[in-house]
Structure formats: structure tokens, C-alpha cells
Amino acid sequence: MTLAAPPTSVEKYAAAFESLSDSGTPDWLIATRLQAWANFSELGIPTARRGNELWKYTNLRPLADAGFEYGQIGPVSLDQIKSAGPWDDAWDTVVVVDGNFSAQLSSLNGTPGLTAGSLGEAIAAGTDNLESQFASLAGRENYAFTALNTAFAADGAYIGIAADTRLTTPVHVVFVTSDPTSSRATYPRLLISASSNSSLTIVESYINLSESSQLTVPVTEVFSDHDSQIRHYRIQIENEKSFHIGTARVNQKAGSSFTSTSFATGALIGRNDVHTQLDEPGAECTLHGLYMTSGQQQQDQEISTTHARPNCTSHQFYKGILSGKSHAVFSGKVVVERDAQKSVANQKDLNLMLSRGARIDAKPSLEIFADDVKCAHGATAGHVDRDTLFYLRSRGVDEETAKAILIRGFADEMLDEFEPAALREFVERTTDDRIATLLAESDTLGTV
Amino acid sequence: MLEIKNLRVSVLDIDDSEILKGIDLTVKTGEVHAIMGPNGSGKSTLANVLMGRTEYVITEGDILYDGESIIDLLPEKRAHLGMFLAFQYPAEIPGVRPWQFLKAALDAKADSRGEEKMSIRDFSKLFDEKVEAVGINPQLVKRSLNEGFSGGEKKRNEMLQLEVLQPELAILDETDSGLDVDALRIVAHGVNSMRSPERSFIIVTHYQRLLNYIKPDVVHILVEGKIVKTGGPELALDVEKDGYKQYTSVGASA
Ligand SMILES: Nc1ncnc2c1ncn2[C@@H]1O[C@H](COP(=O)(O)OP(=O)(O)O)[C@@H](O)[C@H]1O
Ligand SMILES: [Mg+2]
């Protein structure tokens, strides 16, 4: 485009961007995409780590060096989706394949007060507030991955819930990467708009049906109007050659509550970047997550909350289980602005280290500009010692089972957070499978 | 049931670290033995070695259980044979729920003995019954194994496990220390009610106090890694009166 010397990584995405069709796209969205592309062209994939707080601990060179094709491959069968991730026939399910909504694979029950389906169609239909909401939380800032996603924004999922509507059955949004043999990039996009006094449970899952290296760059924007309640779950189980760089931006109005629990075990490089903006008094957010890493995996949790107004509460609590030569980062940040008196903020990151080769960089941080606040933070990296293992074995449990019990015991506190039964069953099963790999790569469990 | 023969034990990878210096001890089925001795005499080492702890090496001697040497058996195998150790300092294990863990332990034992597993319903009933019997707060045992438990609660939890697992040879390592009189009575009651011609106990204690409630068949005095005297319950009273000083000068095994 017009820039003289874009970073080399940008060229790999340029042809795909040029190939995007504008037909049927509203002018405002075309303008937003162009602006985002210009932004990305300037930024490129962030590979410089020195002085770059956001990427200090994570090496994106393998991603910058890789090339990805663009475009939908499909087709995908419902059975493939059902067997790869959580599923419940009773849920309203929106399926998005390679970034595009699939009416055929989705199952929508016509739940009153719920608008669930294609983001592209919702935009074309001129859905209330969508033009002002879209990319207002993510996509215009100087961040390469939200820019990249926004440059390619065409479709995705839109979930809207009307004022005073209280849903108890979960809504499931499944982003599927189809089964290509080549490496592809997809840009899933989700926009959730919860009107005042509504309540919604939403499961956001990322499923990769491919065995080759894929790039998934999702962006989720959440608008929590006053006194709304959102219970959100995020499942990231990409294959271990893939890159998953996800961003969620949440804006909360007065008295709203947003609770999110993430389950991140997949991807070669995985990132879960969440920011909640407590924009009006009395808002509350709880951000939880479990990450498990093995082999050469890198898993980042980039979690931040801004208390902009008084009487808001935030909780950040993550747990990690690390084995092999894997590497995880927990970067938790809470900013309490001058005006945000009577804020309560907690941050905690607990890690179970199973091997000498695994590494955790945990840096919880608080920036407090108000004086009447209650804040606490902490991070630990622990291991299972000999006494613990001997204790279990002396009661008759064999070594391998004892180790698995110990790891499950550490994870259970987070698994308990997954309330819908089908989801809970899925994360438990996936965790147990994962524990086998973690154990196989463990060299310190019960030896120190 | 248990025969310890000239057992010499050192700490793995530490030179000149011999802790047990030739222990001979025989516990017959149905007997209750008390092992008393001053701090540092090797009581916990003996208890842990019996259960198969690997930080210790047996340099000489043997341990026979029902006539078979067990010194090459893994700790879990010893548990399957019917051995149990109530720890002096039980490990804190966050997240592991006592109910699930005990069920797994019981199932593993049944499995290895080719016995039928207890149904969940029967197990739940047994568990609740024992929770009440040992006087442990039911909320506490729902959460975590020993995490955040007081010293007394940990000991009660050891008694809970003992009573649920119903071993044939139970070794109690200072289960009485740090307990108030009420808790002490619960431990004693647990042992006394489990006492049977098929079950043996080794009760390791520093004080004579517990032995007011549990009447041992045999008392051994362990000093500096050796059993210096063996006798009846009256031996415990001697210790209460005169301390262990009298035995350090004796020096020879009784
Ligand atoms: N793992 C170990 N490493 C080093 N020294 C040990 C170890 N276990 C026990 N000891 C030493 O052996 C001696 C006996 O300890 P212990 O068996 O705990 O005594 P008791 O239970 O009679 O108080 C003590 O001097 C103790 O420090
Ligand atoms: Mg001791």
C-alpha cells in the first residue's frame, strides 16, 4: 500500500487483503478495514521483545516467519464438530467455519429475546448500535493482532440479548478451523451485546480440525449494559502446531457483572488477551482460567482490568500446569483510576511446575491512583514434593495414579467453575487426557 | 505378622548417616506394641522404612510380613498387603478431596487383592460414619486433604483414613502428639475398637499419656537407633517417672 517499507511479515498478508471483496459491505466497514490494514502494515507481527512489555516473554518469530493462506476451505460435518469440542443439543449453537457463519451447521432454537447468528448479516441488516459498537473496543488501537483481525472483518458471530431477558440455557459459539492440508489464517470475530437487565451464559470455543499449522486471530467484543450478567467460557484446544492469538475486550456499565473462565491447552503459541473496562459504578468482573502446557508450547494470559469508576470489583485468578519445555506467561494488570474509590481488586496466579525445562513468567501488577481501595495480588510456582507423593502411595494408590490425582486436584478448583454439565464433562475429559501428556514429560514430580 | 531382623538403615546419599543400628522386633497378629523413645532416636525413620520410604537405604537386615520379605516392595504394594502408616507430619495436599482419594485407595487395594470394590453407596455410608466417629468437621474433609487443617485436625484425618482403610497392621507415628484430651480419647477409642485378633498395631509415642487409654501388649524403648529395652506396659510407667536418661547409659539392647 502507501507505506514505504512495511515490516517483511506484512507482505505475507497483503495479497489476501487485496483479494477481499467489498461487495455488499457497508462503507463504514470498508473504511474501518482500510484503517485497520494501514495500522497493521505499520506494526507488522511484533517480534521485537526488548522494551516491548506486551511481548517481552513470548517469541513470535516462528509466527512471523510462517506463511498462511487465506480463505474458507470446508466443508465440515456436524459430527466432526461434536466430537472435537463441547456440545449439548439443548444449547443454541452458532457455528462459524473459517471465519464465516454456517447456517447449516448452526442450531438455533428461536429463543425469545436472543439474536444469535451471522455477524455479517447483522451488520448488513443494520442491527441497532452495531455500527457504533463494532471495533469500538478492539480494532482501532495500535495493536497488530486486533488490527489484523479487523482488516479482514467480514463475518463471524453476533449475539444480542434484549433488555430484561434472562436466559439460563447456554449459547454456544463454535469457531471451527476446517481441515486443510495447508496452513491458513482465520480471523474469527464475535460481538456480544447484552442489554440492560439481561442475563446470558455463553460458551466460546475454538476447534481445529486440521493437523497442520494454522493461524487463528480471534477478536471478541463484549458490551455489558447496566445490570446485565454475562457468564462466559472460553475453550482453546487448537492443535499443537498452531498459533492462536486471541483478544477480548469487555465494556461494563453500572451494576453489570461479567464472569469469564478460560480453558487453554492448545496451540504452539497461544495467547488469551482479555481487558475488562469497569466503566460505571458497581460493575463487577471475574476472570478465571486454567492453562496447561507441554512440549514446546507457549501459553500467555494477558489479563487486565481498569477500574474507571467507584465501587467496582474485579477478580483475576488463573492456574497453570506446566511440563516438558513449555513456557507460560501470566501478565495480570489492574489499573484503579483516580476516581475509582472503594474499588476491590484481587489477582492470583498459581502454577504447578512438573519439569525442570518448563518456565513461568508471572507478573501480577497493580497501578493504583485512588486512595480508598482494597487490592491484593500474588503469584506462585510450586511443585509436588516427595512427601506428598509418598503420602498418597502409602495409602495404596500406585505412583502414576497418585500423580494424576495430584494434578487433577490442582486443576479441580478451576474445573469446578465450568457449570453447564456438558461443558464440565468436556473440560474434565480433556484435562484427564492432557494429564497423561504432562506426566509423560514430567521429571520433577515427587522427586524434590 | 511382622518380623524386623537386625535392621540397619542410613539416609540415601549421605555418608555415615546410620539412623537405625540393628533393630530386632517381632509383632504377632493381634498384638499392640508401643515404641517409645526420645526425640531423634529413629522412631519415625523406622515407621517410614516399614512403609517403604525411598530416602532411606537398608544396609543390613530384613523386614518380613507374614513371613515374606517386603523390603523390595513399593509403598502401595505394602498398603495392599494391609499395612498403614499414620504420619507424624501428614502432607498437605491441596485440591485432593479425601472422599475421592480414600475411595481410590480402597479400590486399588481391592483390585490388587482380587476383591470386589465397595459400591459408592456403601462407601459413602462408611465415610460419613467414620467422619462422625473421629469428630472431624465434615465441611473440612469435603475440600482438601490436610490443607489448612490444624495439627489436631490432621491427626483426626489420619484416624479417619485408618478407620476407613481397616488395615491389618497399623503404624501410628505420634498420632497423639499435639492433641488435647478429647482428641486423644478419640484416637484411643479408634484403636481400641479396631483392636482384634486379626489386627496388629505399632504405636509410636513420645509420651506415656496415650498408653493410659490404649493398653499395649509389649513396650519397646528405642534410643539412638537401638531397642534398649522391651517389656510389658509397666515399662511405659518407668519412662513416665524416670525419663529416657536411664537408658542412654545402658547402651545395650535388651
Ligand atoms: N531424611 C533424612 N535425612 C537426614 N537425616 C534424617 C532423615 N530422617 C531422619 N534423619 C535423622 O535421623 C534421626 C532420627 O530421626 P527420626 O526418625 O525422625 O526420630 P524420631 O522420630 O525418633 O524423633 C534424627 O537425627 C534425624 O535428624
Ligand atoms: Mg518422629
# chains A, B, ... in the order shown; residues from 1 in each chain; ligands from 1
$ residues_near_ligand --ligand "ligand 2" --cutoff "12 Å" --atoms "only C-alpha atoms and all ligand atoms" --output "number ranges by chain"
B: 35-48, 86-90, 172-177, 203-207, 222
$ select_by_dssp --residues "segment 3-143 of chain A" --states "helix (DSSP H, G or I)" --output "JSON, numbers by chain"
{"A": [8, 9, 10, 11, 12, 13, 14, 15, 16, 17, 18, 19, 27, 28, 29, 30, 31, 32, 33, 34, 35, 36, 37, 38, 39, 40, 41, 42, 43, 53, 54, 55, 61, 62, 63, 64, 65, 78, 79, 80, 81, 82, 83, 84, 119, 120, 121, 122, 123, 124, 130, 131, 132, 133]}
$ closest_residue --among "B:Leu50, B:Ala236, B:Ile19, B:Leu12" --to "chain A" --atoms "only C-alpha atoms"
B:Leu50
$ interface_residues --of "chain B" --to "chain A" --cutoff "8 Å" --atoms "only C-alpha atoms" --output "list in words"
Met51, Gly52, Arg53, Pro75, Glu76, Lys77, Arg78, Ala79, His80, Phe84, Leu85, Pro90, Ala91, Glu92, Ile93, Pro94, Gly95, Val96, Arg97, Phe101, Ala104, Ala105, Leu106, Ala108 and Lys109 of chain B
$ write_last_selection --atoms "N, CA, C and O atoms" --output "tab-separated table (two decimals), in the first residue's frame"
chain	number	residue	atom	x	y	z
B	51	MET	N	7.12	-48.64	55.84
B	51	MET	CA	6.11	-48.33	54.81
B	51	MET	C	6.74	-48.18	53.42
B	51	MET	O	6.05	-48.00	52.44
B	52	GLY	N	8.10	-48.21	53.34
B	52	GLY	CA	8.74	-48.23	52.02
B	52	GLY	C	9.25	-46.90	51.51
B	52	GLY	O	9.38	-46.68	50.31
B	53	ARG	N	9.56	-46.01	52.41
B	53	ARG	CA	10.09	-44.71	52.01
B	53	ARG	C	11.46	-44.89	51.38
B	53	ARG	O	12.32	-45.57	51.91
B	75	PRO	N	5.68	-48.79	48.21
B	75	PRO	CA	4.78	-48.44	49.31
B	75	PRO	C	3.34	-48.86	49.05
B	75	PRO	O	2.66	-49.37	49.96
B	76	GLU	N	2.87	-48.66	47.81
B	76	GLU	CA	1.47	-49.01	47.53
B	76	GLU	C	1.22	-50.51	47.67
B	76	GLU	O	0.16	-50.95	48.10
B	77	LYS	N	2.25	-51.32	47.34
B	77	LYS	CA	2.10	-52.77	47.49
B	77	LYS	C	2.01	-53.15	48.96
B	77	LYS	O	1.27	-54.06	49.33
B	78	ARG	N	2.78	-52.45	49.78
B	78	ARG	CA	2.72	-52.73	51.22
B	78	ARG	C	1.33	-52.38	51.76
B	78	ARG	O	0.79	-53.10	52.60
B	79	ALA	N	0.77	-51.27	51.23
B	79	ALA	CA	-0.59	-50.90	51.65
B	79	ALA	C	-1.58	-51.98	51.24
B	79	ALA	O	-2.47	-52.34	52.00
B	80	HIS	N	-1.37	-52.55	50.04
B	80	HIS	CA	-2.28	-53.60	49.57
B	80	HIS	C	-2.18	-54.85	50.45
B	80	HIS	O	-3.16	-55.57	50.65
B	84	PHE	N	-0.42	-49.88	57.07
B	84	PHE	CA	-0.89	-48.50	57.09
B	84	PHE	C	0.01	-47.69	58.01
B	84	PHE	O	0.38	-48.16	59.08
B	85	LEU	N	0.35	-46.48	57.58
B	85	LEU	CA	1.13	-45.58	58.44
B	85	LEU	C	0.36	-44.29	58.65
B	85	LEU	O	0.02	-43.59	57.67
B	90	PRO	N	1.53	-35.29	58.55
B	90	PRO	CA	0.84	-35.61	57.28
B	90	PRO	C	1.02	-34.47	56.27
B	90	PRO	O	0.99	-33.30	56.63
B	91	ALA	N	1.23	-34.85	55.00
B	91	ALA	CA	1.42	-33.87	53.94
B	91	ALA	C	0.12	-33.10	53.69
B	91	ALA	O	-0.97	-33.65	53.84
B	92	GLU	N	0.27	-31.83	53.31
B	92	GLU	CA	-0.91	-31.04	52.92
B	92	GLU	C	-1.08	-31.15	51.42
B	92	GLU	O	-0.16	-30.86	50.66
B	93	ILE	N	-2.24	-31.58	51.00
B	93	ILE	CA	-2.42	-31.84	49.57
B	93	ILE	C	-3.62	-31.07	49.05
B	93	ILE	O	-4.75	-31.54	49.08
B	94	PRO	N	-3.37	-29.85	48.56
B	94	PRO	CA	-4.48	-29.00	48.12
B	94	PRO	C	-5.24	-29.62	46.96
B	94	PRO	O	-4.66	-30.22	46.07
B	95	GLY	N	-6.54	-29.48	47.01
B	95	GLY	CA	-7.37	-29.88	45.87
B	95	GLY	C	-7.78	-31.34	45.88
B	95	GLY	O	-8.80	-31.69	45.31
B	96	VAL	N	-6.99	-32.18	46.51
B	96	VAL	CA	-7.35	-33.60	46.51
B	96	VAL	C	-8.39	-33.82	47.61
B	96	VAL	O	-8.15	-33.51	48.77
B	97	ARG	N	-9.53	-34.32	47.20
B	97	ARG	CA	-10.64	-34.45	48.15
B	97	ARG	C	-10.58	-35.80	48.85
B	97	ARG	O	-10.49	-36.84	48.20
B	101	PHE	N	-10.18	-39.55	47.23
B	101	PHE	CA	-8.89	-40.18	47.42
B	101	PHE	C	-9.01	-41.51	48.17
B	101	PHE	O	-8.43	-42.53	47.78
B	104	ALA	N	-10.38	-44.14	46.00
B	104	ALA	CA	-9.36	-44.64	45.07
B	104	ALA	C	-8.41	-45.60	45.78
B	104	ALA	O	-8.03	-46.65	45.24
B	105	ALA	N	-8.05	-45.25	47.03
B	105	ALA	CA	-7.13	-46.10	47.80
B	105	ALA	C	-7.77	-47.46	48.09
B	105	ALA	O	-7.14	-48.51	47.93
B	106	LEU	N	-9.02	-47.40	48.50
B	106	LEU	CA	-9.75	-48.64	48.83
B	106	LEU	C	-9.93	-49.51	47.58
B	106	LEU	O	-9.75	-50.74	47.62
B	108	ALA	N	-8.02	-49.51	44.91
B	108	ALA	CA	-6.73	-50.05	44.49
B	108	ALA	C	-6.38	-51.30	45.30
B	108	ALA	O	-5.89	-52.30	44.77
B	109	LYS	N	-6.68	-51.22	46.58
B	109	LYS	CA	-6.40	-52.35	47.47
B	109	LYS	C	-7.29	-53.55	47.08
B	109	LYS	O	-6.79	-54.68	46.94
$ residues_around --residues "Asp361 of chain A" --least-positions-apart "2" --cutoff "9 Å" --atoms "only C-alpha atoms" --output "list in words"
Tyr57, His327, Ala328, Val329, Phe330, Ser331, Arg359 and Lys363 of chain A
$ write_last_selection --atoms "all heavy atoms" --output "compact mmCIF listing (two decimals), in the first residue's frame"
# COMPACT_ATOMS: atom_id res chain seq x y z
N TYR A 57 8.05 -11.68 26.94
CA TYR A 57 8.35 -13.06 27.28
C TYR A 57 8.03 -14.07 26.18
O TYR A 57 8.26 -15.25 26.33
CB TYR A 57 7.58 -13.47 28.55
CG TYR A 57 7.91 -12.61 29.72
CD1 TYR A 57 7.03 -11.63 30.17
CD2 TYR A 57 9.13 -12.76 30.38
CE1 TYR A 57 7.36 -10.82 31.26
CE2 TYR A 57 9.46 -11.97 31.47
CZ TYR A 57 8.56 -11.00 31.90
OH TYR A 57 8.88 -10.21 32.97
N HIS A 327 6.41 -23.07 28.17
CA HIS A 327 6.61 -21.76 28.76
C HIS A 327 5.26 -21.06 28.86
O HIS A 327 4.51 -21.02 27.88
CB HIS A 327 7.57 -20.97 27.85
CG HIS A 327 7.80 -19.56 28.30
ND1 HIS A 327 8.24 -18.58 27.46
CD2 HIS A 327 7.65 -18.98 29.50
CE1 HIS A 327 8.34 -17.44 28.13
NE2 HIS A 327 8.00 -17.65 29.37
N ALA A 328 4.95 -20.55 30.02
CA ALA A 328 3.69 -19.81 30.17
C ALA A 328 3.97 -18.45 30.76
O ALA A 328 4.97 -18.24 31.45
CB ALA A 328 2.71 -20.59 31.05
N VAL A 329 3.09 -17.55 30.42
CA VAL A 329 3.20 -16.18 30.94
C VAL A 329 1.86 -15.81 31.55
O VAL A 329 0.82 -16.04 30.93
CB VAL A 329 3.52 -15.17 29.80
CG1 VAL A 329 3.59 -13.75 30.35
CG2 VAL A 329 4.80 -15.55 29.08
N PHE A 330 1.91 -15.29 32.75
CA PHE A 330 0.71 -14.64 33.29
C PHE A 330 1.07 -13.19 33.52
O PHE A 330 1.94 -12.86 34.31
CB PHE A 330 0.27 -15.27 34.61
CG PHE A 330 -0.84 -14.47 35.28
CD1 PHE A 330 -2.15 -14.60 34.85
CD2 PHE A 330 -0.55 -13.56 36.29
CE1 PHE A 330 -3.16 -13.85 35.43
CE2 PHE A 330 -1.57 -12.80 36.88
CZ PHE A 330 -2.87 -12.94 36.44
N SER A 331 0.41 -12.33 32.76
CA SER A 331 0.66 -10.92 32.95
C SER A 331 -0.67 -10.30 33.35
O SER A 331 -1.56 -10.12 32.53
CB SER A 331 1.18 -10.36 31.63
OG SER A 331 1.24 -8.97 31.71
N ARG A 359 8.95 -23.25 32.11
CA ARG A 359 9.22 -21.91 32.66
C ARG A 359 7.94 -21.09 32.77
O ARG A 359 7.11 -21.11 31.87
CB ARG A 359 10.20 -21.19 31.74
CG ARG A 359 10.90 -20.05 32.45
CD ARG A 359 11.84 -19.36 31.50
NE ARG A 359 11.32 -18.05 31.22
CZ ARG A 359 11.80 -17.27 30.28
NH1 ARG A 359 12.76 -17.68 29.49
NH2 ARG A 359 11.29 -16.07 30.12
N LYS A 363 3.69 -12.12 36.28
CA LYS A 363 3.85 -10.77 36.83
C LYS A 363 2.51 -10.09 37.03
O LYS A 363 1.99 -9.41 36.15
CB LYS A 363 4.80 -9.93 35.97
CG LYS A 363 4.70 -10.20 34.49
CD LYS A 363 5.32 -9.09 33.68
CE LYS A 363 4.65 -9.01 32.34
NZ LYS A 363 4.84 -7.86 31.57
$ select_by_dssp --residues "segment 56-238 of chain B" --states "strand (DSSP E)" --output "ChimeraX atom specification"
/B:56-65,68-69,83-86,169-173,200-205,218-223,226-231
$ residues_around --residues "Gly152 of chain B" --least-positions-apart "4" --cutoff "9 Å" --atoms "only C-alpha atoms" --output "PyMOL selection string"
chain B and resi 156-157+176-180+183
$ atom_distance --atom1 "atom CA of Glu211 of chain A" --atom2 "atom CA of Ala154 of chain A"
25.8 Å
$ closest_residue --among "B:His33, B:Arg143, B:Arg185, B:Lys226" --to "ligand 1" --atoms "only C-alpha atoms and all ligand atoms"
B:Lys226
$ residues_around --residues "segment 184-196 of chain A" --least-positions-apart "2" --cutoff "6 Å" --atoms "only C-alpha atoms" --output "PyMOL selection string"
chain A and resi 68-70+98-99+149+156-163+198+214-228
$ residues_around --residues "Ile269 of chain A" --least-positions-apart "5" --cutoff "12 Å" --atoms "only C-alpha atoms" --output "number ranges by chain"
A: 57-64, 213-217, 236-246, 264, 293-301, 326-329
$ residues_around --residues "Thr177 of chain A" --least-positions-apart "5" --cutoff "7 Å" --atoms "only C-alpha atoms" --output "ChimeraX atom specification"
/A:97-98,207-210
$ atom_distance --atom1 "atom CA of Tyr291 of chain A" --atom2 "atom CA of Ser106 of chain A"
28.3 Å
$ decode --residues "segment 42-55 of chain B" --atoms "N, CA, C and O atoms" --output "mmCIF file, in the first residue's frame"
data_model
loop_
_atom_site.group_PDB
_atom_site.id
_atom_site.type_symbol
_atom_site.label_atom_id
_atom_site.label_comp_id
_atom_site.auth_asym_id
_atom_site.auth_seq_id
_atom_site.Cartn_x
_atom_site.Cartn_y
_atom_site.Cartn_z
ATOM 1 N N GLY B 42 14.968 -42.247 66.216
ATOM 2 C CA GLY B 42 14.789 -43.043 64.994
ATOM 3 C C GLY B 42 13.409 -43.657 64.852
ATOM 4 O O GLY B 42 13.179 -44.497 63.977
ATOM 5 N N LYS B 43 12.464 -43.215 65.673
ATOM 6 C CA LYS B 43 11.119 -43.804 65.655
ATOM 7 C C LYS B 43 10.428 -43.577 64.305
ATOM 8 O O LYS B 43 9.892 -44.505 63.696
ATOM 9 N N SER B 44 10.458 -42.324 63.832
ATOM 10 C CA SER B 44 9.795 -42.021 62.556
ATOM 11 C C SER B 44 10.513 -42.690 61.394
ATOM 12 O O SER B 44 9.881 -43.128 60.434
ATOM 13 N N THR B 45 11.827 -42.768 61.502
ATOM 14 C CA THR B 45 12.588 -43.435 60.445
ATOM 15 C C THR B 45 12.143 -44.889 60.330
ATOM 16 O O THR B 45 11.866 -45.383 59.231
ATOM 17 N N LEU B 46 12.023 -45.541 61.470
ATOM 18 C CA LEU B 46 11.576 -46.933 61.468
ATOM 19 C C LEU B 46 10.179 -47.051 60.846
ATOM 20 O O LEU B 46 9.944 -47.894 59.972
ATOM 21 N N ALA B 47 9.273 -46.177 61.277
ATOM 22 C CA ALA B 47 7.902 -46.227 60.756
ATOM 23 C C ALA B 47 7.893 -46.038 59.236
ATOM 24 O O ALA B 47 7.202 -46.743 58.504
ATOM 25 N N ASN B 48 8.681 -45.064 58.751
ATOM 26 C CA ASN B 48 8.725 -44.775 57.311
ATOM 27 C C ASN B 48 9.391 -45.884 56.508
ATOM 28 O O ASN B 48 8.973 -46.186 55.397
ATOM 29 N N VAL B 49 10.427 -46.472 57.084
ATOM 30 C CA VAL B 49 11.106 -47.570 56.389
ATOM 31 C C VAL B 49 10.171 -48.776 56.269
ATOM 32 O O VAL B 49 10.128 -49.439 55.238
ATOM 33 N N LEU B 50 9.400 -49.006 57.309
ATOM 34 C CA LEU B 50 8.439 -50.111 57.246
ATOM 35 C C LEU B 50 7.450 -49.907 56.096
ATOM 36 O O LEU B 50 7.038 -50.845 55.430
ATOM 37 N N MET B 51 7.116 -48.636 55.840
ATOM 38 C CA MET B 51 6.114 -48.332 54.812
ATOM 39 C C MET B 51 6.745 -48.185 53.421
ATOM 40 O O MET B 51 6.047 -48.004 52.436
ATOM 41 N N GLY B 52 8.101 -48.210 53.343
ATOM 42 C CA GLY B 52 8.740 -48.227 52.019
ATOM 43 C C GLY B 52 9.246 -46.905 51.512
ATOM 44 O O GLY B 52 9.377 -46.681 50.310
ATOM 45 N N ARG B 53 9.557 -46.007 52.413
ATOM 46 C CA ARG B 53 10.089 -44.710 52.010
ATOM 47 C C ARG B 53 11.460 -44.889 51.375
ATOM 48 O O ARG B 53 12.320 -45.574 51.908
ATOM 49 N N THR B 54 11.691 -44.221 50.254
ATOM 50 C CA THR B 54 12.909 -44.489 49.484
ATOM 51 C C THR B 54 14.085 -43.560 49.782
ATOM 52 O O THR B 54 15.151 -43.728 49.202
ATOM 53 N N GLU B 55 13.908 -42.594 50.680
ATOM 54 C CA GLU B 55 15.088 -41.781 51.024
ATOM 55 C C GLU B 55 16.026 -42.513 51.976
ATOM 56 O O GLU B 55 17.082 -42.009 52.319
#
